[in-house]
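Novice: Quick one: this structure, given as structure tokens, is what I'll be asking you about.
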Amino acid sequence: MSFNVLIVDDSNSMRAVIKKIISISGFKIDQCIEAVNGKEALEALTDNWVDVIMSDINMPEMNGFELLKRLKKDNLLKDIPVIMITTESSEKRMQDAFNLGVKGFIKKPFLPEEIRKILYEVIGVNDEGTYEEDRGDDEAFDF
Amino acid sequence: MMKEHMKKIEEMTRHSIFEVFEKMFYVFLEHLDGECGEYDMEAAIRFEGFMSGEIRILLSMDIVKAMIHNMLGLKEDEITIQRMEDCSKEAVNVICGNFLGQLDSAKVFNLSAPIFKEQPGDLELTENACRMDFDSDGGKVGLIIKVKG
């Protein structure tokens, strides 16, 4: 099973690094869409469906918190899990983000296994990359 | 008192630069006793909170190329000055975030946008500042931290 990921970061290099680390981690990407800020991310979401959004916080034009607020107001987009990628992880800022509906945090610098773990957690898949609920269904029909 | 305070800050910053260079750029640093004057560029970031200040990293051309190569798998002829700027700014941003997390993870700090200079600026140290220099297989890196409050 592979997934569509939206990476939102104003640094070209950081987007490339995130993409590379996800790929090394073994997490299977079908389509990887990139945006330089929240505004561009919302535009990308009008034409593309993604399974998860990985977003930086501090970005020009529209930061990660504003993006999160806009997503939560949109009935079509509100359930897409968002992981915040951050350099600063003060407890207050993390709590603010969780209150806004963020599903997970990953602090830079991060290792491939850390990124895979959080991606699987927020999407709700197990280590084999299949949905937890699917596994239950399969077992139910396994006569 | 201030000397002791600066020593703690120096230890935390050293931990941050080691961790960031190892985990993000796969570069293993070795602390140098003396100062190294062979730097080609710098990136700096300011932070504000219960303690405010600035972190600057000084980089040799070789180490920036090694960082980009290790991080993105780019060959030397694919490494542009824009990539170097991006990479240096990202490095100082992550080092600063790591340092502030160690300083007090319960407190909120505001970080400025990192700035990049193709030539290092003034390296003179004031009273509330310290400088560290490091060597690696990939090249040299220095760090200056200045605090107030």
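Ligands are numbered from 1 in the order shown, chains are lettered A, B, ... in the order of the structure tokens, and residues start at 1 in each chain.
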Please determine the contact residues of chain B with respect to chain A at a cut-off of 9 Å, counting only C-alpha atoms, and supply them as a list in words.
Specialist: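 The complete set of qualifying residues is Glu19, Val20, Phe21, Lys23, Met24, Ile68, Met71, Leu72, Arg83, Asp86, Cys87, Glu90, Asn93, Val94, Ile95, Cys96, Gly97, Asn98, Phe99, Leu100, Gly101, Asp104, Ser105, Ala106, Lys107, Val108, Phe109, Leu111 and Ala113 of chain B.
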Novice: Could you give me the residues within range 13-139 of chain A that DSSP places in helix (DSSP H, G or I), as a VMD selection string?
Specialist: chain A and resid 13 to 25 38 to 47 64 to 72 91 to 99 112 to 123 132 to 139
Novice: List as a list of chain:residue names the protein and nucleic acid residues near Phe105 in chain A, meaning an atom at most 7 Å away when only C-alpha atoms are counted, but skip any in the same chain fewer than 5 places from it.
Specialist: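 Result of the neighbour search: A:Ile83, A:Met84, A:Ile85.
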Novice: Next, dump the selected residues to file, keeping only C-alpha atoms, as a CSV table (one decimal), in the first residue's frame.
Specialist:
```csv
chain,number,residue,atom,x,y,z
A,83,ILE,CA,2.1,16.3,11.2
A,84,MET,CA,4.0,19.4,12.2
A,85,ILE,CA,7.7,19.4,11.4
```
Novice: Please indicate the distance in Å from CA of Met62 in chain A to CA of Glu48 in chain B, rounded to one decimal place.
Specialist: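 Computing the Euclidean distance for CA of Met62 in chain A and CA of Glu48 in chain B yields 21.3 Å.
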Novice: Would you mind listing what lies within 9 Å of Asp127 in chain A as a PyMOL selection string, with only C-alpha atoms counted and same-chain residues fewer than 3 positions away left out?
Specialist: chain A and resi 116-117+120+130
Novice: Please, could you write that set of residues out with all heavy atoms as an mmCIF file, in the first residue's frame?
Specialist:
```
data_model
loop_
_atom_site.group_PDB
_atom_site.id
_atom_site.type_symbol
_atom_site.label_atom_id
_atom_site.label_comp_id
_atom_site.auth_asym_id
_atom_site.auth_seq_id
_atom_site.Cartn_x
_atom_site.Cartn_y
_atom_site.Cartn_z
ATOM 1 N N ARG A 116 8.927 7.303 9.871
ATOM 2 C CA ARG A 116 8.041 6.191 9.480
ATOM 3 C C ARG A 116 7.024 5.917 10.591
ATOM 4 O O ARG A 116 5.833 5.757 10.337
ATOM 5 C CB ARG A 116 8.858 4.919 9.200
ATOM 6 C CG ARG A 116 7.979 3.790 8.648
ATOM 7 C CD ARG A 116 8.737 2.507 8.417
ATOM 8 N NE ARG A 116 9.229 1.951 9.655
ATOM 9 C CZ ARG A 116 10.495 1.583 9.880
ATOM 10 N NH1 ARG A 116 11.386 1.702 8.932
ATOM 11 N NH2 ARG A 116 10.856 1.099 11.041
ATOM 12 N N LYS A 117 7.528 5.903 11.839
ATOM 13 C CA LYS A 117 6.663 5.604 12.982
ATOM 14 C C LYS A 117 5.505 6.619 13.070
ATOM 15 O O LYS A 117 4.348 6.231 13.188
ATOM 16 C CB LYS A 117 7.499 5.648 14.270
ATOM 17 C CG LYS A 117 6.775 5.252 15.513
ATOM 18 C CD LYS A 117 7.772 5.115 16.664
ATOM 19 C CE LYS A 117 7.113 4.733 17.959
ATOM 20 N NZ LYS A 117 6.507 5.856 18.659
ATOM 21 N N TYR A 120 2.983 6.241 10.087
ATOM 22 C CA TYR A 120 2.094 5.085 10.279
ATOM 23 C C TYR A 120 1.064 5.370 11.371
ATOM 24 O O TYR A 120 -0.111 5.055 11.231
ATOM 25 C CB TYR A 120 2.909 3.837 10.642
ATOM 26 C CG TYR A 120 3.552 3.146 9.449
ATOM 27 C CD1 TYR A 120 4.552 2.193 9.630
ATOM 28 C CD2 TYR A 120 3.154 3.423 8.151
ATOM 29 C CE1 TYR A 120 5.140 1.548 8.547
ATOM 30 C CE2 TYR A 120 3.734 2.789 7.064
ATOM 31 C CZ TYR A 120 4.724 1.846 7.266
ATOM 32 O OH TYR A 120 5.297 1.215 6.201
ATOM 33 N N THR A 130 -0.410 -1.627 6.292
ATOM 34 C CA THR A 130 -1.835 -1.823 5.983
ATOM 35 C C THR A 130 -2.669 -1.227 7.120
ATOM 36 O O THR A 130 -2.221 -1.168 8.264
ATOM 37 C CB THR A 130 -2.181 -3.311 5.824
ATOM 38 O OG1 THR A 130 -1.716 -4.003 6.973
ATOM 39 C CG2 THR A 130 -1.517 -3.897 4.584
#
```
Novice: So that I can check the surroundings of Ile55 in chain B, please list as JSON, numbers by chain every protein, DNA and RNA residue that reaches within 7 Å of it, counting only C-alpha atoms and ignoring chain neighbours fewer than 3 positions away.
Specialist: {"B": [44, 45, 46, 96, 144, 145, 146]}
